[in-house]
Amino acid sequence: MSGSNDKAHKLVWDLPLRIFHWGLAASFVGAYVLSESERLRNVHVMLGYTVAGLIAFRLVWGFVGTKYSRFSSFAFGPLAALRYLKGLATRSPSEHTGHNPAGSWAVYAIIGLAAATCVTGYMNFQEIGGDALEELHEAFANAWLVVVGLHLVGVLASSIAHRENLARAMVTGYKRGVAAAGGSARPLVGLSLATAVLAFWTWTLATGGQVAVDAGQASESAGAATESGADEHDDDEDQRG
Ligand code: HEM
Ligand code: HEM
């Protein structure tokens, strides 16, 4: 570990980004694991909406968040990503305080895949598109496995190459930096995001899944009940009670 000042540990990932990250990971895993169960379809849909809400938040945070959360701090082209991977292969990758160029492509892939999975899931739920759309929804969901697998390999490889536990950095927010710290952790925004997700889950589970009545009911009522609960933002649900 370098002792020099310009490489000291710095706050890189603000709290909202970390809540987004672990909330997304947990919601994806939950939605995937529960996807086959008819009985737990409402929980599947609830977690899917959580993914959608988190992605909506991330898109906004990419413009108004702290330094390393902003898309402008990791707008790397494909050549930069290849160069980084080449450096990684030869054990001499370039240093980046925020996302590295290859990792930033994984971020964009996951955001795109999340949006595609949620849109096709929602259409399925509203019984638009039939079997083909069901297949498409499942294919998008399975594509996550590939991208997330590559993401985990990337995190491990970069952690080894840079001799830094990057997973821990995603928990604490602190990372060895070659540039200035990201700024404030923005705890209030982070806690609001976490509260919104937990409130949405509590409300959905307590009302027996009003946001996502089970698939049988949905087909009987032709989606009437779901329309009022189809809002993708998870922070305004409690107003409806
Ligand atoms: C389903 C599982 C996962 C998903 C969907 C996921 C997704 C993501 C996304 C979207 C980002 C970018 C954060 C941003 O918005 O800027 C990210 C970054 C990161 N993730 Fe994950 N992640 C998952 C699991 C994990 C796990 C299990 C670990 C730790 C072992 C991990 C470690 C990291 C780290 C260290 C970064 C920052 C990478 C960097 O330093 O540039 N992720 N992940
Ligand atoms: C990250 C988010 C999501 C993941 C990973 C995911 C994954 C999956 C998978 C793998 C299946 C296929 C299950 C099977 O083998 O039958 C499935 C089915 C389904 N999903 Fe999702 N999904 C997500 C989001 C959503 C959302 C947001 C909705 C609705 C708003 C939704 C609604 C459905 C429905 C209705 C089915 C059943 C289709 C059928 O077989 O009739 N999903 N999902």
# chains A, B, ... in the order shown; residues from 1 in each chain; ligands from 1
call {"tool": "residues_near_ligand", "arguments": {"ligand": "ligand 2", "cutoff": "6 Å", "atoms": "only C-alpha atoms and all ligand atoms", "output": "ChimeraX atom specification"}}
result
/A:28,31-32,35-36,45,48-49,51,114,117-118,121-122,124-125,134,138,141
call {"tool": "residues_near_ligand", "arguments": {"ligand": "ligand 1", "cutoff": "9 Å", "atoms": "only C-alpha atoms and all ligand atoms", "output": "JSON, numbers by chain"}}
result
{"A": [13, 17, 18, 20, 21, 22, 23, 24, 25, 26, 27, 28, 29, 55, 58, 59, 61, 62, 68, 69, 70, 71, 74, 96, 97, 98, 99, 100, 101, 102, 103, 104, 106, 107, 108, 109, 110, 111, 114, 144, 145, 147, 148, 149, 151, 152, 154, 155, 156, 158, 159, 165, 166, 167, 168, 169, 170, 171, 175]}
call {"tool": "atom_distance", "arguments": {"atom1": "CA of Arg39 (chain A)", "atom2": "CA of Val146 (chain A)"}}
result
27.4 Å
call {"tool": "select_by_dssp", "arguments": {"residues": "region 15-226 of chain A", "states": "alpha helix (DSSP H)", "output": "ChimeraX atom specification"}}
result
/A:15-33,41-64,78-89,101-125,130-161,166-172,187-206,215-220,224-226
call {"tool": "closest_residue", "arguments": {"among": "A:Gly208, A:Asn42, A:Lys67, A:Arg83", "to": "Gly183 (chain A)", "atoms": "only C-alpha atoms"}}
result
A:Lys67
call {"tool": "residues_around", "arguments": {"residues": "Gly87 (chain A)", "least_positions_apart": "3", "cutoff": "12 Å", "atoms": "only C-alpha atoms", "output": "PyMOL selection string"}}
result
chain A and resi 80-84+90-95+100-102+157-158+161-162
call {"tool": "write_last_selection", "arguments": {"atoms": "N, CA and C atoms", "output": "PDB file, in the first residue's frame"}}
result
ATOM      1  N   ALA A  80     -10.345   2.874 -24.939  1.00  0.00           N
ATOM      2  CA  ALA A  80      -9.808   3.035 -23.581  1.00  0.00           C
ATOM      3  C   ALA A  80     -10.061   1.758 -22.781  1.00  0.00           C
ATOM      4  N   ALA A  81     -11.230   1.149 -22.997  1.00  0.00           N
ATOM      5  CA  ALA A  81     -11.558  -0.089 -22.276  1.00  0.00           C
ATOM      6  C   ALA A  81     -10.597  -1.207 -22.692  1.00  0.00           C
ATOM      7  N   LEU A  82     -10.337  -1.300 -24.001  1.00  0.00           N
ATOM      8  CA  LEU A  82      -9.416  -2.337 -24.488  1.00  0.00           C
ATOM      9  C   LEU A  82      -8.005  -2.121 -23.937  1.00  0.00           C
ATOM     10  N   ARG A  83      -7.596  -0.856 -23.931  1.00  0.00           N
ATOM     11  CA  ARG A  83      -6.264  -0.534 -23.417  1.00  0.00           C
ATOM     12  C   ARG A  83      -6.154  -0.933 -21.944  1.00  0.00           C
ATOM     13  N   TYR A  84      -7.225  -0.673 -21.192  1.00  0.00           N
ATOM     14  CA  TYR A  84      -7.201  -1.024 -19.768  1.00  0.00           C
ATOM     15  C   TYR A  84      -7.094  -2.549 -19.600  1.00  0.00           C
ATOM     16  N   THR A  90      -1.353  -7.640 -18.702  1.00  0.00           N
ATOM     17  CA  THR A  90       0.106  -7.585 -18.521  1.00  0.00           C
ATOM     18  C   THR A  90       0.467  -7.086 -17.117  1.00  0.00           C
ATOM     19  N   ARG A  91      -0.513  -7.098 -16.235  1.00  0.00           N
ATOM     20  CA  ARG A  91      -0.319  -6.711 -14.833  1.00  0.00           C
ATOM     21  C   ARG A  91       0.161  -5.279 -14.663  1.00  0.00           C
ATOM     22  N   SER A  92      -0.184  -4.396 -15.623  1.00  0.00           N
ATOM     23  CA  SER A  92       0.197  -2.993 -15.464  1.00  0.00           C
ATOM     24  C   SER A  92      -0.964  -2.074 -15.864  1.00  0.00           C
ATOM     25  N   PRO A  93      -2.146  -2.302 -15.258  1.00  0.00           N
ATOM     26  CA  PRO A  93      -3.304  -1.492 -15.647  1.00  0.00           C
ATOM     27  C   PRO A  93      -3.160  -0.047 -15.165  1.00  0.00           C
ATOM     28  N   SER A  94      -3.733   0.877 -15.936  1.00  0.00           N
ATOM     29  CA  SER A  94      -3.678   2.281 -15.522  1.00  0.00           C
ATOM     30  C   SER A  94      -4.525   2.477 -14.264  1.00  0.00           C
ATOM     31  N   GLU A  95      -4.161   3.469 -13.455  1.00  0.00           N
ATOM     32  CA  GLU A  95      -4.854   3.720 -12.189  1.00  0.00           C
ATOM     33  C   GLU A  95      -6.038   4.654 -12.405  1.00  0.00           C
ATOM     34  N   ASN A 100     -12.919   2.158 -13.641  1.00  0.00           N
ATOM     35  CA  ASN A 100     -11.916   2.048 -14.702  1.00  0.00           C
ATOM     36  C   ASN A 100     -12.659   1.948 -16.044  1.00  0.00           C
ATOM     37  N   PRO A 101     -11.957   2.127 -17.163  1.00  0.00           N
ATOM     38  CA  PRO A 101     -12.648   2.169 -18.462  1.00  0.00           C
ATOM     39  C   PRO A 101     -13.414   0.882 -18.812  1.00  0.00           C
ATOM     40  N   ALA A 102     -12.869  -0.279 -18.400  1.00  0.00           N
ATOM     41  CA  ALA A 102     -13.587  -1.526 -18.702  1.00  0.00           C
ATOM     42  C   ALA A 102     -14.803  -1.653 -17.796  1.00  0.00           C
ATOM     43  N   ALA A 157     -10.162  -9.374 -10.676  1.00  0.00           N
ATOM     44  CA  ALA A 157      -8.903  -9.142 -11.397  1.00  0.00           C
ATOM     45  C   ALA A 157      -8.326  -7.764 -11.061  1.00  0.00           C
ATOM     46  N   SER A 158      -9.206  -6.738 -11.037  1.00  0.00           N
ATOM     47  CA  SER A 158      -8.706  -5.393 -10.717  1.00  0.00           C
ATOM     48  C   SER A 158      -8.237  -5.323  -9.271  1.00  0.00           C
ATOM     49  N   ALA A 161      -4.808  -6.895  -9.321  1.00  0.00           N
ATOM     50  CA  ALA A 161      -3.821  -6.076 -10.036  1.00  0.00           C
ATOM     51  C   ALA A 161      -3.481  -4.803  -9.270  1.00  0.00           C
ATOM     52  N   HIS A 162      -4.481  -4.179  -8.649  1.00  0.00           N
ATOM     53  CA  HIS A 162      -4.220  -2.916  -7.934  1.00  0.00           C
ATOM     54  C   HIS A 162      -3.941  -3.156  -6.449  1.00  0.00           C
TER      55      HIS A 162
END
call {"tool": "atom_distance", "arguments": {"atom1": "CA of Leu15 (chain A)", "atom2": "CA of Gly190 (chain A)"}}
result
5.0 Å
call {"tool": "closest_residue", "arguments": {"among": "A:Val197, A:Val119, A:Val153, A:Ile160", "to": "Phe140 (chain A)", "atoms": "only C-alpha atoms"}}
result
A:Val119
call {"tool": "atom_distance", "arguments": {"atom1": "CA of Val189 (chain A)", "atom2": "CA of Pro16 (chain A)"}}
result
6.1 Å
